[in-house]
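> If it helps, the file is called input-v5.pdb and holds PDB, C-alpha atoms, pLDDT in the B column:
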MODEL        1
ATOM      1  CA  MET A   1      14.366 -10.171  -5.720  1.00 67.00           C
ATOM      2  CA  ARG A   2      14.527  -6.622  -4.416  1.00 89.00           C
ATOM      3  CA  LEU A   3      11.865  -3.936  -4.172  1.00 93.00           C
ATOM      4  CA  GLN A   4      13.669  -2.073  -6.968  1.00 93.00           C
ATOM      5  CA  ASP A   5      12.692  -4.956  -9.250  1.00 94.00           C
ATOM      6  CA  TYR A   6       9.043  -3.805  -9.056  1.00 97.00           C
ATOM      7  CA  VAL A   7       9.843  -0.355 -10.455  1.00 97.00           C
ATOM      8  CA  GLY A   8       8.239   0.049 -13.852  1.00 97.00           C
ATOM      9  CA  LEU A   9       5.296  -2.313 -13.357  1.00 97.00           C
ATOM     10  CA  PRO A  10       2.332  -0.787 -15.199  1.00 97.00           C
ATOM     11  CA  PHE A  11      -0.790   0.568 -13.534  1.00 96.00           C
ATOM     12  CA  ALA A  12      -4.044  -1.372 -13.937  1.00 94.00           C
ATOM     13  CA  GLU A  13      -7.168  -0.578 -11.930  1.00 88.00           C
ATOM     14  CA  ARG A  14      -7.777  -3.547  -9.562  1.00 84.00           C
ATOM     15  CA  GLY A  15      -4.710  -5.239 -11.075  1.00 89.00           C
ATOM     16  CA  ARG A  16      -3.069  -7.939  -8.981  1.00 89.00           C
ATOM     17  CA  GLY A  17      -0.261  -9.304 -11.196  1.00 92.00           C
ATOM     18  CA  ARG A  18       2.935  -8.380 -12.972  1.00 94.00           C
ATOM     19  CA  ASP A  19       0.934  -7.393 -16.057  1.00 95.00           C
ATOM     20  CA  GLY A  20      -0.589  -4.501 -14.067  1.00 96.00           C
ATOM     21  CA  VAL A  21      -1.341  -3.435 -10.495  1.00 94.00           C
ATOM     22  CA  ASP A  22      -2.996  -0.684  -8.528  1.00 91.00           C
ATOM     23  CA  CYS A  23      -1.505   0.466  -5.208  1.00 91.00           C
ATOM     24  CA  TRP A  24      -3.076  -2.338  -3.153  1.00 88.00           C
ATOM     25  CA  GLY A  25      -2.309  -4.858  -5.902  1.00 91.00           C
ATOM     26  CA  LEU A  26       1.349  -3.846  -5.726  1.00 94.00           C
ATOM     27  CA  ALA A  27       1.313  -4.446  -1.957  1.00 92.00           C
ATOM     28  CA  CYS A  28      -0.373  -7.840  -2.483  1.00 91.00           C
ATOM     29  CA  LEU A  29       2.173  -8.834  -5.129  1.00 95.00           C
ATOM     30  CA  VAL A  30       5.204  -7.747  -3.090  1.00 96.00           C
ATOM     31  CA  TYR A  31       3.955  -9.388   0.109  1.00 93.00           C
ATOM     32  CA  ALA A  32       3.182 -12.663  -1.698  1.00 93.00           C
ATOM     33  CA  GLU A  33       6.464 -12.833  -3.616  1.00 95.00           C
ATOM     34  CA  GLN A  34       8.836 -11.406  -1.022  1.00 94.00           C
ATOM     35  CA  LEU A  35       7.321 -12.401   2.324  1.00 93.00           C
ATOM     36  CA  GLY A  36       5.009 -15.321   1.503  1.00 92.00           C
ATOM     37  CA  ILE A  37       2.054 -13.404   2.972  1.00 89.00           C
ATOM     38  CA  ALA A  38      -1.264 -13.452   1.111  1.00 85.00           C
ATOM     39  CA  LEU A  39      -3.008 -10.137   1.693  1.00 83.00           C
ATOM     40  CA  PRO A  40      -6.787  -9.975   1.203  1.00 74.00           C
ATOM     41  CA  HIS A  41      -8.093  -8.565  -2.064  1.00 70.00           C
ATOM     42  CA  HIS A  42     -10.683  -5.946  -1.165  1.00 58.00           C
ATOM     43  CA  ALA A  43     -10.941  -4.110  -4.484  1.00 50.00           C
ATOM     44  CA  GLU A  44     -14.256  -5.613  -5.572  1.00 50.00           C
ATOM     45  CA  ASP A  45     -15.832  -4.725  -2.214  1.00 49.00           C
ATOM     46  CA  TYR A  46     -14.570  -1.144  -2.472  1.00 46.00           C
ATOM     47  CA  VAL A  47     -15.705  -0.665  -6.051  1.00 48.00           C
ATOM     48  CA  SER A  48     -19.200  -2.028  -5.396  1.00 47.00           C
ATOM     49  CA  THR A  49     -19.748   0.058  -2.250  1.00 47.00           C
ATOM     50  CA  ALA A  50     -21.505   3.390  -2.753  1.00 52.00           C
ATOM     51  CA  ASP A  51     -22.181   3.987   0.966  1.00 52.00           C
ATOM     52  CA  ARG A  52     -19.217   5.818   2.522  1.00 54.00           C
ATOM     53  CA  GLU A  53     -19.873   4.334   6.002  1.00 58.00           C
ATOM     54  CA  THR A  54     -19.737   0.801   4.602  1.00 56.00           C
ATOM     55  CA  LEU A  55     -16.554   1.654   2.742  1.00 53.00           C
ATOM     56  CA  GLN A  56     -14.914   2.969   5.920  1.00 57.00           C
ATOM     57  CA  ARG A  57     -15.961  -0.222   7.774  1.00 58.00           C
ATOM     58  CA  LEU A  58     -14.340  -2.386   5.075  1.00 54.00           C
ATOM     59  CA  ILE A  59     -11.125  -0.390   5.377  1.00 55.00           C
ATOM     60  CA  ALA A  60     -11.182  -0.669   9.183  1.00 60.00           C
ATOM     61  CA  GLU A  61     -11.758  -4.439   9.036  1.00 60.00           C
ATOM     62  CA  GLY A  62      -8.843  -4.789   6.630  1.00 58.00           C
ATOM     63  CA  ARG A  63      -6.631  -3.070   9.177  1.00 57.00           C
ATOM     64  CA  SER A  64      -7.242  -5.703  11.856  1.00 61.00           C
ATOM     65  CA  CYS A  65      -4.036  -7.572  10.971  1.00 76.00           C
ATOM     66  CA  TRP A  66      -1.960  -4.364  10.883  1.00 78.00           C
ATOM     67  CA  ARG A  67      -0.476  -2.371  13.722  1.00 84.00           C
ATOM     68  CA  GLU A  68       0.619   1.219  13.471  1.00 87.00           C
ATOM     69  CA  ILE A  69       4.371   1.774  13.701  1.00 90.00           C
ATOM     70  CA  PRO A  70       6.059   4.949  14.983  1.00 93.00           C
ATOM     71  CA  CYS A  71       8.231   6.756  12.431  1.00 91.00           C
ATOM     72  CA  ASP A  72      11.454   5.821  14.215  1.00 92.00           C
ATOM     73  CA  ALA A  73      10.660   2.067  14.053  1.00 94.00           C
ATOM     74  CA  VAL A  74       9.802   1.842  10.341  1.00 95.00           C
ATOM     75  CA  ARG A  75      11.607  -0.809   8.311  1.00 94.00           C
ATOM     76  CA  ALA A  76      11.503  -2.225   4.791  1.00 95.00           C
ATOM     77  CA  PHE A  77       8.171  -3.780   3.766  1.00 96.00           C
ATOM     78  CA  ASP A  78       6.082  -1.759   6.242  1.00 94.00           C
ATOM     79  CA  LEU A  79       3.107  -0.135   4.542  1.00 92.00           C
ATOM     80  CA  VAL A  80       2.797   3.613   4.155  1.00 93.00           C
ATOM     81  CA  GLU A  81      -0.674   5.148   4.156  1.00 90.00           C
ATOM     82  CA  ILE A  82      -1.162   8.373   2.260  1.00 90.00           C
ATOM     83  CA  SER A  83      -4.344  10.422   2.216  1.00 84.00           C
ATOM     84  CA  ASN A  84      -6.168  10.390  -1.057  1.00 77.00           C
ATOM     85  CA  VAL A  85      -9.684  11.159  -2.236  1.00 69.00           C
ATOM     86  CA  GLY A  86     -11.870   8.162  -1.309  1.00 66.00           C
ATOM     87  CA  VAL A  87      -9.868   5.023  -0.497  1.00 67.00           C
ATOM     88  CA  PRO A  88      -6.434   5.709   1.049  1.00 75.00           C
ATOM     89  CA  HIS A  89      -3.333   5.224  -1.078  1.00 87.00           C
ATOM     90  CA  VAL A  90      -0.678   2.759   0.093  1.00 91.00           C
ATOM     91  CA  GLY A  91       2.981   2.261  -0.618  1.00 94.00           C
ATOM     92  CA  ILE A  92       5.695  -0.014   0.725  1.00 96.00           C
ATOM     93  CA  VAL A  93       8.768   1.184   2.624  1.00 96.00           C
ATOM     94  CA  ALA A  94      11.704   0.457   0.327  1.00 96.00           C
ATOM     95  CA  GLY A  95      14.514   1.608   2.602  1.00 91.00           C
ATOM     96  CA  ALA A  96      15.427   4.630   4.672  1.00 90.00           C
ATOM     97  CA  GLY A  97      13.069   7.418   3.625  1.00 94.00           C
ATOM     98  CA  LEU A  98      11.923   5.650   0.452  1.00 97.00           C
ATOM     99  CA  MET A  99       8.594   4.230  -0.688  1.00 97.00           C
ATOM    100  CA  LEU A 100       7.643   1.926  -3.569  1.00 98.00           C
ATOM    101  CA  HIS A 101       4.188   2.796  -4.912  1.00 96.00           C
ATOM    102  CA  ILE A 102       2.045   3.201  -7.997  1.00 96.00           C
ATOM    103  CA  GLU A 103      -0.598   5.757  -8.890  1.00 92.00           C
ATOM    104  CA  ALA A 104      -3.184   5.828 -11.668  1.00 90.00           C
ATOM    105  CA  GLY A 105      -1.643   6.698 -15.002  1.00 91.00           C
ATOM    106  CA  SER A 106       1.928   5.941 -13.894  1.00 94.00           C
ATOM    107  CA  ASP A 107       4.260   2.983 -13.550  1.00 97.00           C
ATOM    108  CA  ALA A 108       5.514   1.813 -10.146  1.00 98.00           C
ATOM    109  CA  VAL A 109       8.255   4.060  -8.753  1.00 97.00           C
ATOM    110  CA  ILE A 110      10.418   4.472  -5.684  1.00 97.00           C
ATOM    111  CA  GLU A 111       9.927   7.946  -4.276  1.00 96.00           C
ATOM    112  CA  ARG A 112      11.259   9.833  -1.280  1.00 97.00           C
ATOM    113  CA  LEU A 113       8.830  10.068   1.628  1.00 95.00           C
ATOM    114  CA  SER A 114      10.158  13.579   2.173  1.00 95.00           C
ATOM    115  CA  SER A 115       9.071  14.793  -1.263  1.00 94.00           C
ATOM    116  CA  PRO A 116       6.574  17.640  -0.723  1.00 92.00           C
ATOM    117  CA  ARG A 117       3.837  15.837  -2.641  1.00 88.00           C
ATOM    118  CA  ILE A 118       4.135  12.746  -0.405  1.00 91.00           C
ATOM    119  CA  ALA A 119       5.129  14.283   2.957  1.00 92.00           C
ATOM    120  CA  ARG A 120       2.071  16.542   3.178  1.00 91.00           C
ATOM    121  CA  ARG A 121      -0.277  13.558   2.634  1.00 89.00           C
ATOM    122  CA  LEU A 122       1.503  11.019   4.873  1.00 90.00           C
ATOM    123  CA  ARG A 123      -0.912   9.439   7.368  1.00 89.00           C
ATOM    124  CA  GLY A 124       1.098   6.647   8.979  1.00 90.00           C
ATOM    125  CA  PHE A 125       3.107   3.437   8.813  1.00 92.00           C
ATOM    126  CA  PHE A 126       1.756  -0.060   9.412  1.00 90.00           C
ATOM    127  CA  ARG A 127       3.304  -3.503   9.917  1.00 90.00           C
ATOM    128  CA  HIS A 128       1.537  -6.779   9.201  1.00 88.00           C
ATOM    129  CA  GLU A 129       1.087  -8.811  12.396  1.00 78.00           C
ATOM    130  CA  SER A 130       2.745 -11.898  10.870  1.00 75.00           C
ATOM    131  CA  ARG A 131       6.038 -10.017  10.439  1.00 61.00           C
TER
ENDMDL
END
Re-express the file's structure as structure tokens.


Amino acid sequence: MRLQDYVGLPFAERGRGRDGVDCWGLACLVYAEQLGIALPHHAEDYVSTADRETLQRLIAEGRSCWREIPCDAVRAFDLVEISNVGVPHVGIVAGAGLMLHIEAGSDAVIERLSSPRIARRLRGFFRHESR
């Protein structure tokens, strides 16, 4: 299966399967199916956390198995972090300059990282330690 095969999956808040995913759910699904890596499911913790400091701690703890990658070393399946209101948005590198991702109200798409809407919000690239 290729990353293009995930294009068109529907959005579902806290979704973790082919019947619907959110951005982290899409990453979990792709990593499980393509790389055999089970990523933690943090959605319930995020949703139930009203305290912003606790939320930031949960995000930081989730990053412990990730290392930041310089732009010139990015490869397919690395995660892309994009600034968003509240919890950061993530996508998956789908090839040179491309990202697979899903946003609320849309189906999963492959989009150029250089698109103005993405490029201005780009925060970094991350690789799972097991890769």

> Do you have the CA of Arg121 in chain A-CA of Ser106 in chain A distance handy?

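Interatomic distance, CA of Arg121 in chain A to CA of Ser106 in chain A: 18.3 Å.
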
> To verify the selection step, state as a ChimeraX atom specification which residues the PyMOL selection byres ((chain A and resi 70) around 9) yields on this input.

/A:68-69,71-74,124-126

> Identify which of the residues A:Glu33, A:Glu13, A:Asp22, A:Asp78 lies closest to Arg127 in chain A, counting only C-alpha atoms when measuring atom-to-atom distances.

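Nearest candidate to Arg127 in chain A out of A:Glu33, A:Glu13, A:Asp22, A:Asp78: A:Asp78.
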
> Quote the spacing between CA of Ile92 in chain A and CA of Leu35 in chain A in Å to one decimal place.

12.6 Å

> What does the distance between CA of Arg112 in chain A and CA of Met99 in chain A come to in Å, to one decimal place?

6.2 Å

> If I wrap all listed atoms of range 66-75 of chain A in a box with edges along x, y and z and add 8 Å on each side, what are its centre and edge lengths in Å to one decimal, as JSON?


{"center_x": 4.8, "center_y": 1.2, "center_z": 11.6, "size_x": 29.6, "size_y": 27.1, "size_z": 22.7}

> Counting only C-alpha atoms, what is within 9 Å of Ile110 in chain A, bar same-chain residues fewer than 3 positions away, as a list in words?

Leu3, Gln4, Val7, Ala94, Leu98, Met99, Leu100, His101 and Ile102 of chain A

> Apply the PyMOL selection byres ((chain A and resi 25) around 9) to the file shown and report the selected residues as a list in words.

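Selected by the PyMOL selection byres ((chain A and resi 25) around 9) in this file: Ala12, Glu13, Arg14, Gly15, Arg16, Gly17, Gly20, Val21, Asp22, Cys23, Trp24, Leu26, Ala27, Cys28, Leu29, Val30, His41 and Ala43 of chain A.
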
> Which is closest to Val93 in chain A among A:Tyr6, A:Phe11, A:Tyr31, A:Phe77, if we use all atoms listed in the file?

A:Phe77

> Name the closest residue to Asn84 in chain A among the candidates A:Leu122, A:Ala96, A:Cys65, A:Ser114; distances are taken between atoms, counting only C-alpha atoms.

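Using only C-alpha atoms, the shortest distance to Asn84 in chain A belongs to A:Leu122.
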
> With distances taken over all atoms listed in the file, which residue among A:Asp19, A:Asp5, A:Glu111, A:Glu129 lies nearest Ile37 in chain A?

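Result for the nearest residue to Ile37 in chain A: A:Glu129.
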
> Restricting the calculation to only C-alpha atoms, which member of A:Ile82, A:Ala38, A:Val90, A:Ala76 is positioned closest to Arg117 in chain A?

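Using only C-alpha atoms, Arg117 in chain A sits closest to A:Ile82.
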